[in-house]
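Worksheet: one structure, shown below.
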2 protein chains.
Amino acid sequence: MPATIKDVARMAGCSIKTVSRVINGEPYVSEETRARVQAAIRAVGYAPNISARRLAQNKSFMICILLYPGLLQPSSAILSRVMDIGYEENYDILIQPYFPTHSRSKRKLVSLISEQHIDGFVTTPPCDAEDFVADLLGTYKVPLVQINPFHRSDTIPFVAGDDVLGARQVTEHLLSLGHRRIAFLMGPRNMRASFDRLAGYQNALLAAGLPIDPTLIRDSEFTFDGGYTATRLLMDLPSPPTAIFAGNDEAAYGVIFAAHEIGLRIPDQLSICGYDDFAMSKNIWPGLTTVHQPLEEMIESATRALIRILKGEALDSNQIILPSALVLRGSTAPPPR
Amino acid sequence: MPATIKDVARMAGCSIKTVSRVINGEPYVSEETRARVQAAIRAVGYAPNISARRLAQNKSFMICILLYPGLLQPSSAILSRVMDIGYEENYDILIQPYFPTHSRSKRKLVSLISEQHIDGFVTTPPCDAEDFVADLLGTYKVPLVQINPFHRSDTIPFVAGDDVLGARQVTEHLLSLGHRRIAFLMGPRNMRASFDRLAGYQNALLAAGLPIDPTLIRDSEFTFDGGYTATRLLMDLPSPPTAIFAGNDEAAYGVIFAAHEIGLRIPDQLSICGYDDFAMSKNIWPGLTTVHQPLEEMIESATRALIRILKGEALDSNQIILPSALVLRGSTAPPPR
DNA sequence: CTGTTAGCGCCTTCAT
DNA sequence: ATGAAGGCGCTAACAG
């Protein structure tokens with residue numbers, strides 16, 4: 001039976017409101033009363049009951065991050081960082097798996113909003129792919145910050161990287177090494193990154209005056225299997241590519257596996273690039289040339305932005321673009337001969 | 001301004017208690033009243049306010065999983081599965097990063113218990129390493145289920161694999177291939193798996209009548225860097241091992257990287273085994289021979305056990321041991337010559 | 001079968 | 001600077 005605010009008030013010889021003031025750091029309490037109350041709090045081991053506070057204020061002090069499992073491996077270092085922010089700001093962070101078009105996911109989301117009164121949301125791709133999420137949050141007037149959203153909105157704040165630029169840099173890197181037949185693996189259609197990266201790849205080719213060969217553009221869905229299968233097919237082509245830009249790192253792992261299986265030496269016989277710079281990419285052999293997405297910073301930045309909104313503070317901008325950086329490792333080299 | 005139970009009652013022309021009964025599926029409501037209430041609920045779009053319910057019942061309907069970030073990569077497929085259980089059982093699952101001996105982690109845990117009134121906890125290694133967690137939960141009488149705990153308790157339910165057996169099987173596999181100089185990489189001292197796996201390794205050697213060579217036992221801390229460094233040192237030995245049993249998969253990735261860097265062919269010149277069967281282990285080249293830990297099942301089983309306890313149901317047993325299985329992939333072969 | 005009453009622990013409003 | 005009263009939305013305990 002934990003102590004309540006009443007116990008503290010009795011012990012300190014004051015009203016519960018005064019205790020409440022001390023707890024919440026409100027003004028209009030004399031220093032000595034404050035001290036007395038604080039002593040009483042420690043004496044009885046008082047801790048405020050969050051449920052009661054939530055009810056009285058009709059707020060949950062919880063924010064929710066919608067994550068699509070299987071993508072975006074939330075390397076738990078990220079989660080840890082986000083939790084820390086929550087700790088500092090006194091918000092609990094709820095990580096919620098969300099599958100677009102999945103009806104259970106939707107119901108859970110509705111319950112989170114209408115029953116739990118979650119104060120705000122952060123979405124990650126591709127959880128924003130359907131309008132359902134944004135619409136729902138819109139009608140309930142629940143604040144939302146998006147990470148790399150499919151549609152960039154003027155009204156919904158978002159944090160993103162510059163995928164067009166990053167993909168262009170990757171492609172230019174391969175071109176500068178002398179590659180001319182560069183394959184590109186496309187991601188799922190419900191993620192903006194898929195299209196932006198394709199655009200970056202194409203832009204680089206066009207800028208170099210090279211044709212875009214549709215047979216060199218394949219689907220990978222940003223998965224290992226996608227990368228694997230595409231590679232088996234690509235390398236069976238009459239004139240196979242000398243480099244594969246895998247669209248993302250996970251697909252690149254599949255490319256690497258397939259290349260090994262075929263007996264191709266990386267990077268001597270085949271250069272491979274990824275995108276995202278997952279933690280594993282520097283641990284796999286050979287190290288994967290990729291673009292570092294500041295995922296941690298993105299989630300952190302989005303979370304902080306959301307909390308600012310919840311506190312009623314204004315954002316400097318609704319559009320936060322974070323810089324990405326090409327990371328050169330061992331998986332790229334000049335083409336054979 | 002969402003609808004409350006009163007609105008529903010007014011609309012259905014009954015008391016709020018009757019509405020409450022319908023919501024909670026309690027008996028003693030006539031079918032027609034029930035139907036009328038349900039219609040009213042839909043009509044006004046009513047959803048119960050969880051905070052109010054939590055307050056009234058002094059329960060949170062939340063359970064918390066303590067996870068050490070950086071280990072045990074909660075491949076988010078796992079998380080998704082756990083969330084599903086929560087969904088079915090009407091519990092919210094809070095994933096909480098926890099660092100043993102880290103004071104902020106401790107404070108957060110205290111807050112979770114004393115302020116949020118979390119109904120129960122699941123711990124994962126090494127979050128149970130200090131007695132702090134178990135003690136705290138014990139004094140607050142909060143139910144706890146442990147996964148692979150350091151100390152196996154008679155009173156605290158736990159779910160575990162058989163690491164001694166698994167490690168023994170790995171070692172026997174290597175022995176059967178003809179390896180005689182098998183190195184073992186030890187994990188951190190705050191995880192039971194470290195010691196159990198070492199024991200399994202030693203048991204297998206002893207059973208085969210082979211000596212235990214301390215120079216072949218090294219620390220890896222179950223990390224990439226640990227595996228990498230240990231391998232560089234081991235292969236510099238006057239008579240290096242022909243196989244390395246890396247203690248866990250992440251360390252094995254470091255071993256693989258180091259081997260590649262040294263120019264050793266896997267598995268022809270060096271055999272490598274891991275333990276855990278992380279998702280990446282079948283995607284890395286060559287596929288990693290390892291022991292499949294049924295991590296998902298363990299977390300699921302622990303979560304279900306906890307919920308049973310919370311519901312006041314008895315567990316069949318306080319000790320749930322799940323079977324592991326040796327998985328043979330491409331990283332092991334007979335030793336050179 | 002159904003309703004009334006009294007909290008749960010806190011915050012808000014308005015006095016003092 | 002402090003306190004009293006009322007209410008947040010729900011459930012528990014007891015009447016009817």
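Following the order of the structure tokens, first chain is A, next is B, and so on, with residues numbered from 1 inside each chain and ligands from 1 in the order they appear.
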
For this session: Just need the residues of chain C within 7 Å of chain A, counting only C-alpha atoms (C1' of nucleotides), so spit them out as a list of chain:residue names.
Result: C:DG9, C:DC10, C:DC11

For those residues, write C-alpha atoms (C1' of nucleotides) to a file as a PDB file, in the first residue's frame.
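For reference, selection08.pdb as written:
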```pdb
ATOM      1  C1'  DG C   9      -5.070   9.816  -6.202  1.00  0.00           C
ATOM      2  C1'  DC C  10      -4.379  13.745  -8.265  1.00  0.00           C
ATOM      3  C1'  DC C  11      -5.188  18.439 -10.238  1.00  0.00           C
TER       4       DC C  11
END
```

For this session: Show me which bits of chain D are within 9 Å of chain A, counting only C-alpha atoms (C1' of nucleotides), as a PyMOL selection string.
Result: chain D and resi 1-3+7-9

Problem set entry | d(atom CA of A:Ala252, atom CA of A:Ile299) in Å |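 These two atoms are separated by 23.5 Å.
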
For this session: Check stretch 168-322 of chain B with DSSP on the backbone and list each residue it calls strand (DSSP E), as a ChimeraX atom specification.
Result: /B:182-186,217-219,243-245,271-273,290-292,319-322

Take the residues that were just selected and, keeping N, CA and C atoms, output them as a compact mmCIF listing (two decimals), in the first residue's frame.
```txt
# COMPACT_ATOMS: atom_id res chain seq x y z
N ILE B 182 40.81 -26.82 -30.42
CA ILE B 182 39.58 -26.04 -30.56
C ILE B 182 39.61 -24.91 -29.53
N ALA B 183 39.58 -23.69 -30.03
CA ALA B 183 39.58 -22.55 -29.09
C ALA B 183 38.15 -22.25 -28.65
N PHE B 184 38.02 -21.67 -27.48
CA PHE B 184 36.71 -21.27 -26.98
C PHE B 184 36.75 -19.82 -26.54
N LEU B 185 35.75 -19.06 -26.95
CA LEU B 185 35.67 -17.66 -26.54
C LEU B 185 34.60 -17.51 -25.47
N MET B 186 35.03 -16.97 -24.37
CA MET B 186 34.17 -16.86 -23.19
C MET B 186 33.39 -15.55 -23.23
N ILE B 217 41.48 -20.64 -24.44
CA ILE B 217 40.24 -20.06 -23.91
C ILE B 217 40.44 -18.56 -23.73
N ARG B 218 39.63 -17.79 -24.43
CA ARG B 218 39.82 -16.34 -24.44
C ARG B 218 38.51 -15.62 -24.17
N ASP B 219 38.63 -14.35 -23.87
CA ASP B 219 37.41 -13.55 -23.65
C ASP B 219 36.91 -12.96 -24.95
N ALA B 243 40.05 -24.71 -35.08
CA ALA B 243 38.63 -24.34 -35.01
C ALA B 243 38.43 -23.38 -33.86
N ILE B 244 37.51 -22.46 -34.03
CA ILE B 244 37.18 -21.52 -32.96
C ILE B 244 35.68 -21.60 -32.69
N PHE B 245 35.36 -21.92 -31.46
CA PHE B 245 33.98 -21.92 -31.01
C PHE B 245 33.78 -20.58 -30.28
N SER B 271 37.78 -23.60 -38.98
CA SER B 271 36.35 -23.80 -38.75
C SER B 271 35.87 -22.85 -37.66
N ILE B 272 34.65 -22.38 -37.81
CA ILE B 272 34.12 -21.40 -36.86
C ILE B 272 32.69 -21.78 -36.47
N CYS B 273 32.43 -21.73 -35.18
CA CYS B 273 31.06 -21.96 -34.70
C CYS B 273 30.62 -20.80 -33.82
N THR B 290 26.02 -23.10 -35.82
CA THR B 290 25.70 -22.49 -34.54
C THR B 290 24.63 -23.32 -33.83
N VAL B 291 24.20 -22.86 -32.68
CA VAL B 291 23.11 -23.53 -31.98
C VAL B 291 21.91 -22.60 -31.98
N HIS B 292 20.81 -23.11 -32.44
CA HIS B 292 19.62 -22.27 -32.45
C HIS B 292 19.02 -22.16 -31.05
N GLN B 319 10.09 -23.82 -13.79
CA GLN B 319 11.31 -23.93 -14.57
C GLN B 319 10.96 -24.43 -15.95
N ILE B 320 11.08 -23.57 -16.90
CA ILE B 320 10.76 -23.96 -18.27
C ILE B 320 12.06 -24.02 -19.06
N ILE B 321 12.43 -25.22 -19.48
CA ILE B 321 13.65 -25.36 -20.27
C ILE B 321 13.24 -25.69 -21.70
N LEU B 322 13.68 -24.86 -22.62
CA LEU B 322 13.33 -25.06 -24.02
C LEU B 322 14.49 -25.72 -24.75
```

Problem set entry | atom CA of A:Ala193 to atom CA of A:Gly166, distance in Å rounded to a single decimal |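 Between atom CA of A:Ala193 and atom CA of A:Gly166 the gap is 10.5 Å.
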
Exercise. Near chain A, which residues of chain B fall within 7 Å when you count only C-alpha atoms, and what do they look like as a list of chain:residue names?
Worked result: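 So the contacting residues turn out to be B:Ala47, B:Pro48, B:Asn49, B:Ile50, B:Ser51, B:Ala52, B:Arg54, B:Leu55, B:Pro69, B:Gly70, B:Gln73, B:Ser75, B:Ser76, B:Ala77, B:Ser80, B:Leu94, B:Pro97, B:Ser114, B:Glu115, B:Gln116, B:Tyr253, B:Gly254, B:Phe257, B:Asn283, B:Ile284, B:Trp285.
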
For this session: Pick out the residues sitting within 12 Å of B:Phe158, and hand them over as a PyMOL selection string; count only C-alpha atoms (C1' of nucleotides), and ignore anything fewer than 6 positions along from it in its own chain.
Result: chain B and resi 121-125+128+143-152+298-299+301-306+315+317-322

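Every residue of stretch 204-242 of chain B found in alpha helix (DSSP H) when DSSP is run on the backbone appears here: Ala204, Leu205, Leu206, Ala207, Phe224, Asp225, Gly226, Gly227, Tyr228, Thr229, Ala230, Thr231, Arg232, Leu233 and Leu234 of chain B.
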
Problem set entry | Point-to-point distance from atom CA of A:Ile41 to atom CA of B:Val142, Å rounded to tenths |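 Pair atom CA of A:Ile41 / atom CA of B:Val142 returns 22.3 Å.
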
For this session: Please provide the set of residues having any atom within 10 Å of D:DA15, restricted to only C-alpha atoms (C1' of nucleotides), with same-chain residues fewer than 2 positions apart removed, written as a PyMOL selection string.
Result: (chain C and resi 3-5) or (chain D and resi 13)

Write to file, as an mmCIF file, in the first residue's frame, the residues of the selection just made, with N, CA and C atoms (P, O5', C5', C4', C3', O3' and C1' of nucleotides).
```
data_model
loop_
_atom_site.group_PDB
_atom_site.id
_atom_site.type_symbol
_atom_site.label_atom_id
_atom_site.label_comp_id
_atom_site.auth_asym_id
_atom_site.auth_seq_id
_atom_site.Cartn_x
_atom_site.Cartn_y
_atom_site.Cartn_z
ATOM 1 P P DG C 3 -30.603 0.329 -14.477
ATOM 2 O "O5'" DG C 3 -30.301 0.963 -13.047
ATOM 3 C "C5'" DG C 3 -31.373 1.150 -12.150
ATOM 4 C "C4'" DG C 3 -30.845 1.491 -10.781
ATOM 5 C "C3'" DG C 3 -29.956 2.737 -10.749
ATOM 6 O "O3'" DG C 3 -30.444 3.593 -9.726
ATOM 7 C "C1'" DG C 3 -28.895 0.926 -9.622
ATOM 8 P P DT C 4 -29.989 5.099 -9.681
ATOM 9 O "O5'" DT C 4 -29.377 5.216 -8.215
ATOM 10 C "C5'" DT C 4 -29.954 4.488 -7.135
ATOM 11 C "C4'" DT C 4 -28.986 4.475 -5.968
ATOM 12 C "C3'" DT C 4 -28.175 5.760 -5.819
ATOM 13 O "O3'" DT C 4 -28.284 6.204 -4.481
ATOM 14 C "C1'" DT C 4 -26.728 3.866 -5.834
ATOM 15 P P DT C 5 -27.665 7.582 -4.048
ATOM 16 O "O5'" DT C 5 -26.267 7.099 -3.443
ATOM 17 C "C5'" DT C 5 -26.259 6.060 -2.455
ATOM 18 C "C4'" DT C 5 -24.829 5.730 -2.088
ATOM 19 C "C3'" DT C 5 -23.921 6.954 -1.935
ATOM 20 O "O3'" DT C 5 -23.211 6.830 -0.713
ATOM 21 C "C1'" DT C 5 -22.915 5.374 -3.377
ATOM 22 P P DA D 13 -14.941 -5.140 -3.647
ATOM 23 O "O5'" DA D 13 -16.212 -4.458 -2.962
ATOM 24 C "C5'" DA D 13 -16.038 -3.304 -2.140
ATOM 25 C "C4'" DA D 13 -17.370 -2.939 -1.525
ATOM 26 C "C3'" DA D 13 -18.161 -4.161 -1.031
ATOM 27 O "O3'" DA D 13 -18.769 -3.844 0.211
ATOM 28 C "C1'" DA D 13 -19.446 -2.964 -2.616
#
```

Problem set entry | Contacts of A:Leu270 at 6 Å (only C-alpha atoms (C1' of nucleotides); same-chain gap of 3+ positions) as number ranges by chain | A: 242-243, 266-267

Do a neighbour search on C:DC14 at 12 Å with only C-alpha atoms (C1' of nucleotides), toss out local chain neighbours closer than 3 positions, and write the hits as a short mmCIF file (atom, residue, chain, number, x, y, z; two decimals) with N, CA and C atoms (P, O5', C5', C4', C3', O3' and C1' of nucleotides), in the first residue's frame.
```cif
data_model
loop_
_atom_site.label_atom_id
_atom_site.label_comp_id
_atom_site.auth_asym_id
_atom_site.auth_seq_id
_atom_site.Cartn_x
_atom_site.Cartn_y
_atom_site.Cartn_z
P DG D 3 -1.93 24.67 4.20
"O5'" DG D 3 -3.45 24.77 3.77
"C5'" DG D 3 -4.32 25.63 4.48
"C4'" DG D 3 -5.67 25.64 3.84
"C3'" DG D 3 -6.28 24.25 3.62
"O3'" DG D 3 -7.60 24.27 4.12
"C1'" DG D 3 -6.36 25.49 1.62
P DA D 4 -8.32 22.94 4.54
"O5'" DA D 4 -9.75 23.16 3.88
"C5'" DA D 4 -10.24 24.48 3.63
"C4'" DA D 4 -11.47 24.39 2.73
"C3'" DA D 4 -12.15 23.03 2.73
"O3'" DA D 4 -13.55 23.23 2.62
"C1'" DA D 4 -11.30 23.50 0.56
P DA D 5 -14.54 22.02 2.52
"O5'" DA D 5 -14.85 22.01 0.94
"C5'" DA D 5 -15.14 23.26 0.31
"C4'" DA D 5 -15.42 23.02 -1.17
"C3'" DA D 5 -16.23 21.76 -1.45
"O3'" DA D 5 -17.11 22.05 -2.52
"C1'" DA D 5 -14.19 21.64 -2.61
P DG D 6 -18.28 20.99 -2.87
"O5'" DG D 6 -17.87 20.60 -4.36
"C5'" DG D 6 -17.56 21.64 -5.30
"C4'" DG D 6 -16.87 21.02 -6.50
"C3'" DG D 6 -17.51 19.72 -6.98
"O3'" DG D 6 -17.74 19.83 -8.37
"C1'" DG D 6 -15.18 19.44 -6.73
#
```
